[in-house]
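*Asks:* Following this message is one structure expressed as structure tokens.
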Amino acid sequence: QAQLVDSGGGSVQAGGSLRLSCTASEYTIGEICVTWFRQAPGKERERVADIKRFGLYTYADSVKGRFTISRDGSKNTAYLAISKLRPEDSATYYCAADLLCSGTYSYWGQGTQVTVSS
């Protein structure tokens with residue numbers, strides 16, 4: 001059984017929006033740290049947004065003001081709301097679970113593809 005399932009990607013035009021979901025099983029999303037990453041073909045994986053200890057949310061400079069990370073304990077799901085999309089945001093987006101908030105990721109989602117056309 002998958003520990004972490006990503007969903008919500010799709011194809012949108014520039015300026016559009018999507019909401020990505022990351023649903024956990026076997027552990028409680030509200031008690032761990034979560035990071036969204038993305039990776040485009042031929043490029044290195046990039047950290048996009050984090051839920052850290054004590055409810056601290058952080059973002060990469062490239063997405064500040066456009067992306068919002070959140071979580072819903074009742075659904076055991078973390079979200080990444082992405083708006084004002086640009087073609088350079090096209091990538092496979094992955095969520096990762098850091099169970100101890102130690103910087104080590106125990107579980108990864110399978111990835112969800114976001115494609116932005118100009």
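Each chain in the structure tokens gets a letter, A, B and so on, in the order shown; residues start at 1 in every chain, and ligands are counted from 1 in the order they appear.
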For stretch 95-109 of chain A, find every residue with an atom within 8 Å (counting only C-alpha atoms), except residues of its own chain fewer than 3 positions away, and show them as a PyMOL selection string.
*Replies:* chain A and resi 3-6+22+31-37+52-53
*Asks:* A:Ala81: which residues within 9 Å, counting only C-alpha atoms, same-chain residues fewer than 2 positions away excluded, as number ranges by chain?
*Replies:* A: 17-21, 66-70, 79, 83
*Asks:* If you keep N, CA, C and O atoms, can you produce a file of those selected residues as a compact mmCIF listing (two decimals), in the first residue's frame?
*Replies:*
# COMPACT_ATOMS: atom_id res chain seq x y z
N SER A 17 -4.49 27.98 -12.67
CA SER A 17 -4.28 27.48 -11.31
C SER A 17 -4.57 25.99 -11.22
O SER A 17 -5.36 25.46 -12.02
N LEU A 18 -3.96 25.36 -10.26
CA LEU A 18 -4.23 23.96 -9.92
C LEU A 18 -4.08 23.80 -8.42
O LEU A 18 -3.41 24.61 -7.77
N ARG A 19 -4.67 22.74 -7.89
CA ARG A 19 -4.39 22.37 -6.51
C ARG A 19 -3.93 20.92 -6.48
O ARG A 19 -4.67 20.01 -6.87
N LEU A 20 -2.72 20.74 -6.01
CA LEU A 20 -2.14 19.41 -5.90
C LEU A 20 -2.43 18.86 -4.51
O LEU A 20 -2.43 19.61 -3.52
N SER A 21 -2.65 17.56 -4.44
CA SER A 21 -2.94 16.90 -3.17
C SER A 21 -1.91 15.83 -2.87
O SER A 21 -1.36 15.21 -3.79
N ARG A 66 2.75 32.97 -5.24
CA ARG A 66 1.95 32.25 -6.24
C ARG A 66 1.50 30.88 -5.75
O ARG A 66 0.45 30.38 -6.15
N PHE A 67 2.32 30.25 -4.91
CA PHE A 67 2.04 28.90 -4.42
C PHE A 67 1.71 28.99 -2.92
O PHE A 67 2.30 29.79 -2.20
N THR A 68 0.81 28.12 -2.49
CA THR A 68 0.44 28.06 -1.08
C THR A 68 0.38 26.62 -0.63
O THR A 68 -0.36 25.82 -1.22
N ILE A 69 1.15 26.30 0.41
CA ILE A 69 1.12 24.95 0.98
C ILE A 69 0.20 24.95 2.18
O ILE A 69 0.10 25.94 2.92
N SER A 70 -0.52 23.86 2.38
CA SER A 70 -1.44 23.76 3.51
C SER A 70 -1.67 22.28 3.80
O SER A 70 -1.18 21.41 3.07
N TYR A 79 -1.69 19.96 0.77
CA TYR A 79 -2.03 20.54 -0.52
C TYR A 79 -0.96 21.52 -0.97
O TYR A 79 -0.24 22.11 -0.16
N SER A 83 -0.87 28.96 -8.46
CA SER A 83 -1.60 29.93 -9.26
C SER A 83 -0.63 30.77 -10.07
O SER A 83 0.58 30.69 -9.90
*Asks:* Could you check the closest approach to A:Lys43 for each of A:Thr92, A:Lys84, A:Asp61, A:Glu26 and tell me which residue wins, using only C-alpha atoms?
*Replies:*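 Answer, going by the shortest atom-to-atom distance: A:Thr92.
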*Asks:* Of the candidates A:Asp89, A:Tyr94, A:Ser62, A:Gly8, which one gets nearest to A:Ser117 if we count only C-alpha atoms?
*Replies:*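 Between A:Asp89, A:Tyr94, A:Ser62, A:Gly8, the residue approaching A:Ser117 most closely is A:Asp89.
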*Asks:* In chain A, what's helix (DSSP H, G or I) per DSSP? Answer as number ranges by chain?
*Replies:* A: 29-31, 53-55, 73-75, 87-89
*Asks:* Which residues are close to A:Gly9, i.e. within 6 Å by only C-alpha atoms, leaving aside same-chain residues fewer than 2 positions away? Reply as JSON, numbers by chain.
*Replies:* {"A": [7, 112, 113, 114]}
*Asks:* Please measure the separation of atom CA of A:Ser74 and atom CA of A:Tyr57, giving the value in Å to one decimal.
*Replies:*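 Separating atom CA of A:Ser74 from atom CA of A:Tyr57 is a distance of 19.2 Å.
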*Asks:* Write out as a ChimeraX atom specification which residues come within 12 Å of A:Glu88 when counting only C-alpha atoms, dropping same-chain ones fewer than 2 positions away.
*Replies:* /A:13-15,38-41,43,62-63,84-86,90-92,114-118
*Asks:* Please run DSSP on the backbone and report, as a PyMOL selection string, all residues within chain A that come out as strand (DSSP E or B).
*Replies:* chain A and resi 4-7+10-13+18-24+33-39+46-51+57-59+67-72+77-82+91-98+107-108+112-117
*Asks:* How many Å separate atom CA of A:Thr28 from atom CA of A:Glu44?
*Replies:* 29.4 Å
